[in-house]
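Structure file final_26.txt with compact mmCIF, C-alpha atoms and all ligand atoms:
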```
# COMPACT_ATOMS: atom_id res chain seq x y z
CA MET A 379 -6.14 -16.25 -17.88
CA ALA A 380 -6.92 -14.61 -14.52
CA LYS A 381 -8.38 -11.14 -14.90
CA THR A 382 -9.00 -8.76 -12.03
CA PHE A 383 -11.14 -5.64 -11.87
CA ALA A 384 -10.31 -2.52 -9.88
CA ILE A 385 -13.62 -0.73 -9.34
CA ASN A 386 -14.09 2.80 -8.08
CA ALA A 387 -17.77 3.70 -7.66
CA GLY A 388 -19.02 7.19 -6.87
CA SER A 389 -22.59 8.41 -6.35
CA SER A 390 -23.17 8.83 -10.11
CA SER A 391 -20.08 7.25 -11.63
CA LEU A 392 -18.26 3.96 -12.00
CA LYS A 393 -14.58 3.86 -12.95
CA PHE A 394 -13.06 0.52 -13.87
CA GLN A 395 -9.76 -1.03 -14.91
CA LEU A 396 -9.41 -4.65 -15.90
CA PHE A 397 -5.98 -6.21 -15.36
CA GLN A 398 -4.39 -9.37 -16.64
CA MET A 399 -2.85 -10.81 -13.49
CA PRO A 400 -0.24 -11.41 -12.28
CA GLU A 401 1.33 -9.43 -15.15
CA GLU A 402 -0.58 -6.30 -14.03
CA GLU A 403 -1.23 -5.50 -17.67
CA VAL A 404 -4.22 -3.15 -18.20
CA ILE A 405 -6.48 -4.79 -20.78
CA ALA A 406 -9.39 -2.36 -20.54
CA LYS A 407 -10.28 0.75 -18.64
CA GLY A 408 -13.11 3.21 -18.66
CA LEU A 409 -15.81 5.15 -16.98
CA VAL A 410 -19.58 5.34 -16.69
CA GLU A 411 -20.70 8.88 -15.86
CA ARG A 412 -24.03 10.53 -15.03
CA ILE A 413 -25.59 7.30 -13.71
CA GLY A 414 -29.18 8.08 -12.70
CA ILE A 415 -28.93 11.62 -14.08
CA GLY A 416 -29.85 10.97 -17.74
CA ASN A 417 -27.66 11.19 -20.85
CA SER A 418 -25.23 8.85 -19.15
CA ILE A 419 -21.90 8.29 -20.88
CA PHE A 420 -20.17 4.91 -21.11
CA SER A 421 -16.59 5.01 -22.36
CA ILE A 422 -13.97 2.30 -22.62
CA GLU A 423 -10.40 1.99 -23.96
CA TYR A 424 -8.96 -1.42 -24.79
CA GLY A 425 -6.55 -3.33 -27.03
CA ASP A 426 -4.20 -1.27 -29.19
CA ASP A 427 -5.62 2.22 -28.65
CA GLN A 428 -9.20 1.18 -29.39
CA GLU A 429 -11.89 3.37 -27.91
CA PHE A 430 -15.66 3.26 -27.67
CA GLU A 431 -18.13 5.78 -26.26
CA MET A 432 -21.91 5.79 -26.11
CA THR A 433 -24.62 7.90 -24.52
CA GLU A 434 -27.84 6.45 -23.14
CA ASP A 435 -29.87 6.76 -19.95
CA ILE A 436 -28.35 4.43 -17.36
CA ASP A 437 -30.68 4.41 -14.37
CA ASP A 438 -28.56 2.71 -11.76
CA HIS A 439 -25.20 1.07 -11.05
CA GLY A 440 -26.72 -2.37 -11.76
CA ARG A 441 -27.46 -1.38 -15.36
CA ALA A 442 -23.98 0.21 -15.66
CA VAL A 443 -22.33 -3.08 -14.69
CA GLU A 444 -24.59 -5.05 -17.08
CA LEU A 445 -23.60 -2.75 -19.94
CA LEU A 446 -19.94 -3.10 -19.00
CA PHE A 447 -20.16 -6.90 -19.10
CA ASP A 448 -22.00 -6.82 -22.47
CA LYS A 449 -19.33 -4.60 -24.00
CA LEU A 450 -16.43 -6.67 -22.60
CA GLN A 451 -17.83 -9.69 -24.42
CA GLU A 452 -18.93 -7.83 -27.57
CA PHE A 453 -15.41 -6.36 -28.04
CA GLY A 454 -13.75 -9.71 -27.32
CA ILE A 455 -11.96 -8.33 -24.25
CA VAL A 456 -13.17 -11.43 -22.41
CA ASP A 457 -14.61 -14.54 -24.02
CA ASP A 458 -16.31 -15.71 -20.87
CA LEU A 459 -17.06 -13.75 -17.68
CA GLU A 460 -15.61 -16.70 -15.73
CA GLU A 461 -12.16 -15.39 -16.76
CA ILE A 462 -12.71 -12.55 -14.27
CA THR A 463 -11.51 -14.19 -11.07
CA GLY A 464 -11.06 -11.13 -8.88
CA VAL A 465 -12.77 -7.82 -8.18
CA GLY A 466 -11.33 -5.12 -5.92
CA HIS A 467 -13.61 -2.33 -4.78
CA ARG A 468 -12.34 0.99 -3.53
CA VAL A 469 -14.29 2.05 -0.45
CA VAL A 470 -13.97 5.61 0.82
CA ALA A 471 -14.98 5.18 4.47
CA GLY A 472 -13.97 2.13 6.50
CA GLY A 473 -14.36 3.80 9.88
CA GLU A 474 -12.48 2.15 12.74
CA ASP A 475 -13.67 -1.30 11.65
CA PHE A 476 -11.57 -2.00 8.60
CA LYS A 477 -7.88 -1.86 9.42
CA GLU A 478 -6.98 -3.63 6.19
CA SER A 479 -8.44 -4.85 2.92
CA THR A 480 -11.11 -7.48 3.46
CA VAL A 481 -12.74 -10.24 1.43
CA VAL A 482 -16.31 -9.11 0.74
CA THR A 483 -19.12 -10.97 2.52
CA ASP A 484 -22.74 -9.97 3.10
CA ALA A 485 -21.72 -8.67 6.53
CA VAL A 486 -18.95 -6.50 4.99
CA ILE A 487 -21.38 -4.98 2.48
CA GLU A 488 -23.85 -4.27 5.26
CA ARG A 489 -21.19 -2.56 7.38
CA VAL A 490 -19.99 -0.47 4.39
CA ASP A 491 -23.59 0.64 3.95
CA GLU A 492 -23.90 1.49 7.65
CA LEU A 493 -20.74 3.61 7.44
CA SER A 494 -22.53 5.82 4.88
CA GLU A 495 -22.93 8.55 7.47
CA PHE A 496 -19.15 9.04 7.21
CA ALA A 497 -19.23 9.26 3.37
CA PRO A 498 -22.82 9.87 2.23
CA LEU A 499 -21.93 10.29 -1.46
CA HIS A 500 -19.69 7.25 -1.77
CA ASN A 501 -20.39 4.37 0.60
CA PRO A 502 -24.01 3.71 -0.48
CA ALA A 503 -22.95 3.48 -4.14
CA GLU A 504 -19.99 1.28 -3.25
CA ALA A 505 -22.21 -1.10 -1.27
CA GLN A 506 -24.68 -1.26 -4.15
CA VAL A 507 -21.97 -1.99 -6.71
CA MET A 508 -20.53 -4.76 -4.52
CA ARG A 509 -23.97 -6.37 -4.39
CA VAL A 510 -24.28 -6.22 -8.19
CA PHE A 511 -20.85 -7.79 -8.75
CA GLN A 512 -21.55 -10.42 -6.10
CA GLU A 513 -24.68 -11.43 -7.99
CA LYS A 514 -23.18 -11.40 -11.48
CA LEU A 515 -19.68 -12.78 -10.77
CA SER A 516 -20.44 -15.14 -7.94
CA ASN A 517 -17.24 -17.18 -8.47
CA ALA A 518 -14.82 -14.26 -8.35
CA THR A 519 -12.96 -13.27 -5.18
CA MET A 520 -14.19 -9.82 -4.16
CA VAL A 521 -12.11 -7.59 -1.94
CA ALA A 522 -12.93 -4.23 -0.39
CA VAL A 523 -9.94 -1.86 -0.24
CA PHE A 524 -10.49 1.07 2.10
CA ASP A 525 -9.13 4.60 1.66
CA THR A 526 -8.94 4.84 5.43
CA SER A 527 -7.18 1.54 6.31
CA PHE A 528 -3.63 2.80 5.96
CA HIS A 529 -4.38 5.59 8.44
CA THR A 530 -5.76 3.31 11.16
CA THR A 531 -2.22 3.16 12.57
CA MET A 532 -2.39 6.84 13.57
CA PRO A 533 -1.88 7.33 17.32
CA ALA A 534 -4.73 8.87 19.34
CA VAL A 535 -2.73 12.05 19.83
CA ASN A 536 -3.14 12.70 16.09
CA TYR A 537 -6.67 11.40 15.47
CA VAL A 538 -8.58 12.66 18.54
CA TYR A 539 -9.98 16.15 18.03
CA SER A 540 -9.88 18.69 20.85
CA LEU A 541 -13.60 18.22 21.49
CA PRO A 542 -15.43 16.72 24.46
CA TYR A 543 -13.93 13.22 24.50
CA GLU A 544 -17.38 11.57 24.64
CA TYR A 545 -17.96 12.64 21.03
CA TYR A 546 -15.17 10.30 20.02
CA GLU A 547 -16.32 7.54 22.38
CA ASP A 548 -20.02 7.80 21.57
CA PHE A 549 -20.01 8.73 17.88
CA GLN A 550 -16.47 7.88 16.65
CA ALA A 551 -16.08 11.54 15.69
CA ARG A 552 -12.34 11.58 14.91
CA LYS A 553 -9.81 12.00 12.11
CA TYR A 554 -9.89 9.16 9.56
CA GLY A 555 -8.00 10.61 6.57
CA ALA A 556 -8.26 9.34 3.00
CA HIS A 557 -6.17 8.46 -0.09
CA GLY A 558 -4.59 5.74 2.06
CA THR A 559 -4.07 3.35 -0.85
CA SER A 560 -2.09 6.00 -2.73
CA HIS A 561 0.00 7.15 0.26
CA GLN A 562 0.89 3.55 1.08
CA PHE A 563 1.71 2.72 -2.55
CA VAL A 564 4.09 5.65 -3.07
CA ALA A 565 5.69 5.33 0.38
CA ASN A 566 6.54 1.67 -0.32
CA ARG A 567 7.83 2.55 -3.77
CA ALA A 568 9.97 5.34 -2.28
CA ALA A 569 11.56 2.88 0.16
CA GLU A 570 12.34 0.55 -2.77
CA LEU A 571 13.95 3.42 -4.68
CA VAL A 572 15.97 4.51 -1.64
CA GLY A 573 17.04 0.89 -1.14
CA LYS A 574 16.29 0.80 2.60
CA PRO A 575 13.63 -1.04 4.62
CA ILE A 576 10.62 1.25 5.02
CA GLU A 577 10.82 0.58 8.79
CA GLU A 578 13.95 2.75 8.84
CA LEU A 579 12.50 5.73 6.99
CA LYS A 580 10.51 8.86 7.83
CA ILE A 581 8.56 9.76 4.70
CA ILE A 582 6.18 12.62 3.88
CA THR A 583 3.88 11.75 0.98
CA CYS A 584 2.15 14.63 -0.85
CA HIS A 585 -0.85 13.37 -2.87
CA LEU A 586 -1.84 16.44 -4.89
CA GLY A 587 -4.75 15.74 -7.26
CA ASN A 588 -8.21 17.27 -7.47
CA GLY A 589 -8.44 16.16 -3.90
CA GLY A 590 -5.18 16.37 -1.99
CA SER A 591 -3.68 15.18 1.25
CA ILE A 592 -0.31 14.97 2.96
CA THR A 593 0.69 12.02 5.14
CA ALA A 594 3.48 11.45 7.65
CA VAL A 595 4.68 7.85 7.22
CA ASP A 596 7.02 6.82 10.04
CA GLY A 597 8.56 3.37 9.73
CA GLY A 598 6.00 2.40 7.07
CA LYS A 599 3.00 3.43 9.18
CA SER A 600 0.75 6.43 8.71
CA VAL A 601 1.12 8.50 11.88
CA ASP A 602 -0.73 11.62 10.74
CA THR A 603 -2.58 12.84 7.69
CA SER A 604 -4.09 16.13 6.59
CA MET A 605 -7.64 15.05 5.74
CA GLY A 606 -9.93 14.71 8.71
CA PHE A 607 -13.29 13.26 9.67
CA THR A 608 -14.04 13.71 5.96
CA PRO A 609 -11.87 14.69 2.96
CA LEU A 610 -12.82 18.36 3.47
CA ALA A 611 -9.96 19.08 5.88
CA GLY A 612 -6.28 19.73 5.22
CA ILE A 613 -4.69 21.51 2.28
CA THR A 614 -6.39 23.73 -0.31
CA MET A 615 -7.83 21.49 -3.06
CA GLY A 616 -9.43 21.89 -6.49
CA THR A 617 -12.81 22.81 -5.04
CA ARG A 618 -12.44 22.10 -1.30
CA THR A 619 -11.48 24.62 1.34
CA GLY A 620 -9.11 22.49 3.38
CA ASP A 621 -8.77 23.72 6.98
CA ILE A 622 -10.93 26.69 7.97
CA ASP A 623 -12.35 28.08 11.21
CA PRO A 624 -15.78 26.48 11.87
CA SER A 625 -17.03 29.84 13.21
CA LEU A 626 -17.23 30.91 9.56
CA ILE A 627 -20.23 28.59 9.17
CA PRO A 628 -22.86 30.59 11.12
CA PHE A 629 -21.27 33.88 10.02
CA LEU A 630 -21.47 33.07 6.30
CA MET A 631 -24.90 31.41 6.56
CA ASP A 632 -26.21 34.63 8.06
CA LYS A 633 -24.55 36.85 5.42
CA LEU A 634 -25.60 34.61 2.51
CA GLY A 635 -29.12 33.95 3.79
CA ILE A 636 -28.52 30.20 3.83
CA ASP A 637 -30.72 28.17 6.21
CA ASP A 638 -29.47 24.66 5.54
CA VAL A 639 -25.99 23.91 6.86
CA ASN A 640 -25.58 21.23 4.17
CA GLU A 641 -25.73 23.97 1.57
CA MET A 642 -22.80 25.67 3.29
CA ILE A 643 -20.83 22.42 3.47
CA ASN A 644 -21.58 21.93 -0.22
CA ILE A 645 -19.98 25.31 -0.96
CA PHE A 646 -16.93 24.29 1.11
CA ASN A 647 -16.70 21.03 -0.88
CA LYS A 648 -17.57 22.11 -4.40
CA LYS A 649 -17.06 25.87 -4.86
CA SER A 650 -13.99 26.65 -2.80
CA GLY A 651 -10.29 25.84 -3.08
CA LEU A 652 -8.47 26.76 -6.31
CA LEU A 653 -11.83 27.39 -7.99
CA GLY A 654 -13.16 29.65 -5.25
CA ILE A 655 -10.01 31.71 -4.82
CA SER A 656 -9.14 32.11 -8.51
CA GLY A 657 -12.67 32.35 -9.89
CA VAL A 658 -11.10 30.68 -12.96
CA SER A 659 -11.16 26.91 -12.55
CA SER A 660 -10.60 24.01 -10.17
CA ASP A 661 -8.08 22.58 -12.62
CA MET A 662 -4.45 23.38 -11.83
CA ARG A 663 -3.54 23.67 -15.52
CA ASP A 664 -6.14 26.41 -16.03
CA VAL A 665 -5.11 28.23 -12.86
CA GLU A 666 -1.42 28.11 -13.85
CA GLY A 667 -2.37 29.32 -17.34
CA ALA A 668 -4.40 32.26 -16.00
CA ALA A 669 -1.67 33.21 -13.53
CA GLY A 670 0.82 33.17 -16.40
CA GLU A 671 -1.35 35.72 -18.20
CA GLY A 672 -1.27 38.01 -15.18
CA ASN A 673 -4.51 37.04 -13.39
CA GLU A 674 -3.75 38.08 -9.80
CA ARG A 675 -6.38 35.92 -8.13
CA ALA A 676 -5.11 32.89 -10.02
CA GLN A 677 -1.61 33.74 -8.77
CA LEU A 678 -2.98 34.07 -5.22
CA ALA A 679 -4.63 30.63 -5.57
CA LEU A 680 -1.25 29.13 -6.58
CA ASP A 681 0.48 30.83 -3.67
CA ILE A 682 -2.14 29.67 -1.15
CA PHE A 683 -2.01 26.12 -2.54
CA ALA A 684 1.79 25.98 -2.06
CA ASN A 685 1.59 27.66 1.34
CA ARG A 686 -0.81 25.08 2.78
CA VAL A 687 1.34 22.18 1.54
CA GLN A 688 4.46 23.85 3.03
CA LYS A 689 2.76 24.17 6.41
CA TYR A 690 1.83 20.49 6.47
CA ILE A 691 5.36 19.47 5.48
CA GLY A 692 6.64 21.59 8.37
CA GLN A 693 4.10 20.05 10.76
CA TYR A 694 4.98 16.53 9.77
CA ILE A 695 8.70 17.09 10.15
CA ALA A 696 7.80 18.10 13.71
CA VAL A 697 5.40 15.13 14.16
CA MET A 698 8.12 12.64 13.11
CA ASN A 699 11.04 14.65 14.51
CA GLY A 700 12.70 14.53 11.10
CA VAL A 701 12.23 13.47 7.51
CA ASP A 702 14.31 11.33 5.14
CA VAL A 703 12.14 11.37 2.03
CA ILE A 704 9.47 13.64 0.55
CA VAL A 705 7.30 12.20 -2.25
CA PHE A 706 5.11 14.07 -4.73
CA THR A 707 2.30 12.20 -6.47
CA ALA A 708 -1.13 12.44 -8.23
CA GLY A 709 -2.20 14.78 -11.06
CA ILE A 710 -0.60 17.98 -9.77
CA GLY A 711 2.18 16.39 -7.72
CA GLU A 712 3.38 14.24 -10.63
CA ASN A 713 2.93 16.68 -13.49
CA SER A 714 3.44 20.22 -12.25
CA SER A 715 7.15 20.83 -11.76
CA THR A 716 6.34 24.49 -11.14
CA THR A 717 4.05 23.58 -8.23
CA ARG A 718 6.74 21.36 -6.74
CA HIS A 719 9.21 24.24 -7.09
CA ARG A 720 6.73 26.74 -5.59
CA ILE A 721 6.30 24.44 -2.58
CA MET A 722 9.90 23.42 -1.93
CA ASP A 723 11.94 26.51 -2.87
CA PRO A 724 10.89 28.73 0.08
CA ILE A 725 11.37 25.98 2.71
CA SER A 726 15.03 25.16 2.11
CA VAL A 727 15.54 25.51 5.88
CA PHE A 728 14.57 21.82 6.19
CA GLY A 729 17.47 20.78 3.96
CA ALA A 730 15.20 19.38 1.23
CA LEU A 731 16.51 20.87 -2.01
CA LEU A 732 15.08 20.31 -5.48
CA ASP A 733 17.42 20.00 -8.44
CA PRO A 734 15.91 22.22 -11.17
CA GLU A 735 16.87 19.88 -14.02
CA ARG A 736 15.83 16.67 -12.30
CA ASN A 737 12.58 18.36 -11.24
CA ASP A 738 11.69 19.00 -14.88
CA THR A 739 9.96 15.63 -15.24
CA ARG A 740 6.56 13.95 -15.10
CA LYS A 741 7.97 10.48 -14.57
CA GLU A 742 9.22 8.48 -11.60
CA ALA A 743 12.49 10.13 -10.63
CA LEU A 744 14.72 11.40 -7.87
CA ILE A 745 14.28 15.16 -8.10
CA SER A 746 16.40 16.41 -5.18
CA SER A 747 19.92 17.73 -5.67
CA ASP A 748 23.02 15.82 -4.63
CA ASP A 749 23.60 18.19 -1.69
CA SER A 750 20.05 17.82 -0.35
CA ASP A 751 19.80 16.21 3.12
CA VAL A 752 16.34 14.90 2.24
CA LEU A 753 15.61 12.76 -0.81
CA ILE A 754 12.72 14.11 -2.90
CA TYR A 755 10.98 11.83 -5.39
CA ASN A 756 8.34 12.18 -8.04
CA ILE A 757 6.40 8.88 -7.96
CA PRO A 758 3.29 8.37 -10.12
CA THR A 759 0.60 6.80 -7.99
CA ASN A 760 -1.41 3.82 -9.18
CA GLU A 761 -4.33 3.13 -6.90
CA GLU A 762 -5.85 0.67 -9.37
CA VAL A 763 -2.78 -1.57 -9.45
CA ALA A 764 -2.62 -1.35 -5.66
CA ILE A 765 -6.25 -2.53 -5.48
CA ALA A 766 -5.64 -5.38 -7.95
CA ARG A 767 -2.60 -6.47 -5.89
CA GLU A 768 -4.74 -6.57 -2.75
CA VAL A 769 -7.17 -8.90 -4.54
CA GLU A 770 -4.30 -11.21 -5.53
CA ARG A 771 -2.90 -11.14 -2.00
CA LEU A 772 -6.23 -12.19 -0.47
CA LYS A 773 -7.23 -14.77 -3.11
P1 LIG B 1 -8.30 13.10 -9.06
O1 LIG B 1 -8.19 13.54 -7.62
O2 LIG B 1 -9.59 13.47 -9.71
O3 LIG B 1 -7.85 11.67 -9.30
P2 LIG B 1 -5.87 13.79 -10.49
O4 LIG B 1 -4.91 13.08 -9.61
O5 LIG B 1 -6.10 13.28 -11.86
O6 LIG B 1 -7.25 14.05 -9.77
O7 LIG B 1 -5.36 15.32 -10.58
C1 LIG B 1 -6.05 16.27 -11.31
C2 LIG B 1 -5.25 17.58 -11.21
O8 LIG B 1 -3.97 17.39 -11.81
C3 LIG B 1 -5.92 18.74 -11.94
O9 LIG B 1 -5.88 19.91 -11.12
C4 LIG B 1 -5.02 18.92 -13.14
O10 LIG B 1 -4.97 20.25 -13.59
C5 LIG B 1 -3.67 18.53 -12.58
N1 LIG B 1 -2.73 18.27 -13.66
C6 LIG B 1 -2.71 17.25 -14.53
N2 LIG B 1 -1.70 17.43 -15.44
C7 LIG B 1 -1.08 18.60 -15.11
C8 LIG B 1 0.01 19.34 -15.65
N3 LIG B 1 0.68 18.93 -16.71
N4 LIG B 1 0.35 20.51 -15.04
C9 LIG B 1 -0.34 20.96 -13.97
N5 LIG B 1 -1.37 20.29 -13.41
C10 LIG B 1 -1.74 19.14 -13.97
```
In structure tokens, write the structure found in this file.
Ligand code: ADP
Amino acid sequence: MAKTFAINAGSSSLKFQLFQMPEEEVIAKGLVERIGIGNSIFSIEYGDDQEFEMTEDIDDHGRAVELLFDKLQEFGIVDDLEEITGVGHRVVAGGEDFKESTVVTDAVIERVDELSEFAPLHNPAEAQVMRVFQEKLSNATMVAVFDTSFHTTMPAVNYVYSLPYEYYEDFQARKYGAHGTSHQFVANRAAELVGKPIEELKIITCHLGNGGSITAVDGGKSVDTSMGFTPLAGITMGTRTGDIDPSLIPFLMDKLGIDDVNEMINIFNKKSGLLGISGVSSDMRDVEGAAGEGNERAQLALDIFANRVQKYIGQYIAVMNGVDVIVFTAGIGENSSTTRHRIMDPISVFGALLDPERNDTRKEALISSDDSDVLIYNIPTNEEVAIAREVERLK
């Protein structure tokens, strides 16, 4: 009865899914929120639609994991913790070190911690959670799965910024990208659906969730991606700016009377994007709803969102000198047929044509028309399954 965890730790949260392997059946999933903030919420779903939620102060990730283990046993989800033979941890920043998923050792945890300067909100929490699991499930195989690994195949021409080159050499200041697990998962699935080896395909994957990124996958390898040194770059997101001119930083700090540059970056990360433009919400459903009721700024937010995705699709057709497949995935990409239409309809010049009826879906499907030169797919992503598979692969 091998069970494997997929763990996704943030600075104040811990998301988990427990799989029965190799069947890949989800036997429990849930979330601990507001860790270290007070009034923390622990919620879990398991069995046949059974749910449990409780609120108590959870001071740190160690306590969150303890509570999780208690509840797994109390609800009979596992009889013995020894049944959990694998744990996969999502790690946001792997820098240039981690080109693929890696079995966790003390040295790996230390390096993940050191890479915190590339992801200050995530890596420290991820390192801490790995230590807790290492202590409590010492017999399980633990694997770190990095958001950045898939993009380590990018050529220098796409990851080196037009800055003094020493900044790359001395400080590894370069493009790393993110969402690699998702881009890789849907690109491989697309190749399966097309029925051709991925090595023969040029694929553009559009991961459109709260965070969003576009990747050019040439022959199965990421050759360019829209996020940058951090996830702030690229397309317009729920609350992130995407690409902007850095000269806005001193200009806006002066106008807003802000002294600390981190406060400005915080506004770019948390108050911008769909939320900032629309003034309504960071959530695409709310923005679409408001636009439908005639809110002009919400409509502008939708138009800007589509426009930025279109520009990256255009760029990546140029980067790969062609495209065979375009994939939409994640919350918005999978569920919003209107967003997909808003993106693809004005760029028919590339020969990628949606079929209106096929596009009216939220499931895995071919959504391009029969006369389209480019195949367009809707493919639900599943980063958790991808993480659990990596654990099995490295066991
Ligand atoms: P995260 O990056 O947090 O994992 P998700 O991939 O879950 O985010 O995506 C969340 C986004 O998906 C939100 O903007 C949400 O509004 C959007 N979304 C989910 N369902 C729909 C839907 N039916 N129509 C439009 N947008 C949707």
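Distance annotation: of A:Ser560, A:Ser540, A:Glu674, A:Ala497, the residue with the minimal separation from Leu610 of chain A is A:Ala497; atom set is all atoms listed in the file.
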Which polymer residues have any atom within 10 Å of an atom of segment 435-452 of chain A, counting only C-alpha atoms, with same-chain residues fewer than 5 positions away left out, as a count of residues only? 38
Shell around Asn673 of chain A at 9 Å using all atoms listed in the file, local window under 6 positions removed, as a PyMOL selection string: chain A and resi 656+665+667
Counting all atoms listed in the file, what is within 10 Å of segment 477-487 of chain A, bar same-chain residues fewer than 2 positions away, as a PyMOL selection string? chain A and resi 465-469+472-475+489-493+501-502+504-509+512+519-531+765+768-769+771-773
Taking 4 positions as the minimum chain separation for residues in the same chain, which residues sit within 8 Å of Asp723 of chain A when counting all atoms listed in the file? Answer as a VMD selection string. chain A and resid 719 731 to 732
When the cut-off is 10 Å and you count only C-alpha atoms and all ligand atoms, which residues lie near ligand LIG 1 (chain B), shown as a PDB file with C-alpha atoms, in the frame of the given file?
```
ATOM      1  CA  HIS A 557      -6.170   8.460  -0.090  1.00  0.00           C
ATOM      2  CA  HIS A 585      -0.850  13.370  -2.870  1.00  0.00           C
ATOM      3  CA  LEU A 586      -1.840  16.440  -4.890  1.00  0.00           C
ATOM      4  CA  GLY A 587      -4.750  15.740  -7.260  1.00  0.00           C
ATOM      5  CA  ASN A 588      -8.210  17.270  -7.470  1.00  0.00           C
ATOM      6  CA  GLY A 589      -8.440  16.160  -3.900  1.00  0.00           C
ATOM      7  CA  GLY A 590      -5.180  16.370  -1.990  1.00  0.00           C
ATOM      8  CA  MET A 615      -7.830  21.490  -3.060  1.00  0.00           C
ATOM      9  CA  GLY A 616      -9.430  21.890  -6.490  1.00  0.00           C
ATOM     10  CA  THR A 617     -12.810  22.810  -5.040  1.00  0.00           C
ATOM     11  CA  LEU A 652      -8.470  26.760  -6.310  1.00  0.00           C
ATOM     12  CA  SER A 659     -11.160  26.910 -12.550  1.00  0.00           C
ATOM     13  CA  SER A 660     -10.600  24.010 -10.170  1.00  0.00           C
ATOM     14  CA  ASP A 661      -8.080  22.580 -12.620  1.00  0.00           C
ATOM     15  CA  MET A 662      -4.450  23.380 -11.830  1.00  0.00           C
ATOM     16  CA  ARG A 663      -3.540  23.670 -15.520  1.00  0.00           C
ATOM     17  CA  ASP A 664      -6.140  26.410 -16.030  1.00  0.00           C
ATOM     18  CA  VAL A 665      -5.110  28.230 -12.860  1.00  0.00           C
ATOM     19  CA  GLU A 666      -1.420  28.110 -13.850  1.00  0.00           C
ATOM     20  CA  GLY A 667      -2.370  29.320 -17.340  1.00  0.00           C
ATOM     21  CA  THR A 707       2.300  12.200  -6.470  1.00  0.00           C
ATOM     22  CA  ALA A 708      -1.130  12.440  -8.230  1.00  0.00           C
ATOM     23  CA  GLY A 709      -2.200  14.780 -11.060  1.00  0.00           C
ATOM     24  CA  ILE A 710      -0.600  17.980  -9.770  1.00  0.00           C
ATOM     25  CA  GLY A 711       2.180  16.390  -7.720  1.00  0.00           C
ATOM     26  CA  GLU A 712       3.380  14.240 -10.630  1.00  0.00           C
ATOM     27  CA  ASN A 713       2.930  16.680 -13.490  1.00  0.00           C
ATOM     28  CA  SER A 714       3.440  20.220 -12.250  1.00  0.00           C
ATOM     29  CA  SER A 715       7.150  20.830 -11.760  1.00  0.00           C
ATOM     30  CA  THR A 716       6.340  24.490 -11.140  1.00  0.00           C
ATOM     31  CA  THR A 717       4.050  23.580  -8.230  1.00  0.00           C
ATOM     32  CA  THR A 739       9.960  15.630 -15.240  1.00  0.00           C
ATOM     33  CA  ARG A 740       6.560  13.950 -15.100  1.00  0.00           C
ATOM     34  CA  PRO A 758       3.290   8.370 -10.120  1.00  0.00           C
ATOM     35  CA  THR A 759       0.600   6.800  -7.990  1.00  0.00           C
ATOM     36  CA  ASN A 760      -1.410   3.820  -9.180  1.00  0.00           C
ATOM     37  CA  GLU A 761      -4.330   3.130  -6.900  1.00  0.00           C
TER      38      GLU A 761
END
```
Excluding segment 685-701 of chain A and any residue of its chain fewer than 5 positions from it, enumerate the residues within 7 Å of it, using only C-alpha atoms, and give them as a ChimeraX atom specification. /A:580-581,592,594,596,613-614,721,752
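The coordinates place atom CA of His561 of chain A at 8.5 Å from atom CA of Ser600 of chain A.
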Return the single residue from A:Ala764, A:Ala471, A:Ile754, A:Ile643 that is closest to His500 of chain A, with distances computed using all atoms listed in the file.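 When distances to His500 of chain A are compared using all atoms listed in the file, the smallest one comes from A:Ala471.
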Restricting the calculation to all atoms listed in the file, which member of A:Met642, A:Val705, A:Leu630, A:Ala669 is positioned closest to Ser591 of chain A?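 That would be A:Val705, the residue with the smallest distance to Ser591 of chain A.
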Measuring atom to atom with all atoms listed in the file, identify which of A:Thr559, A:Ser726, A:Ser650, A:Asn756 is nearest to Glu742 of chain A.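 Selected residue with least distance to Glu742 of chain A: A:Asn756.
Here the question is which of A:Ile385, A:Val456, A:Ala730, A:Ala380 gets nearest to Met399 of chain A using all atoms listed in the file, and that residue is A:Ala380.
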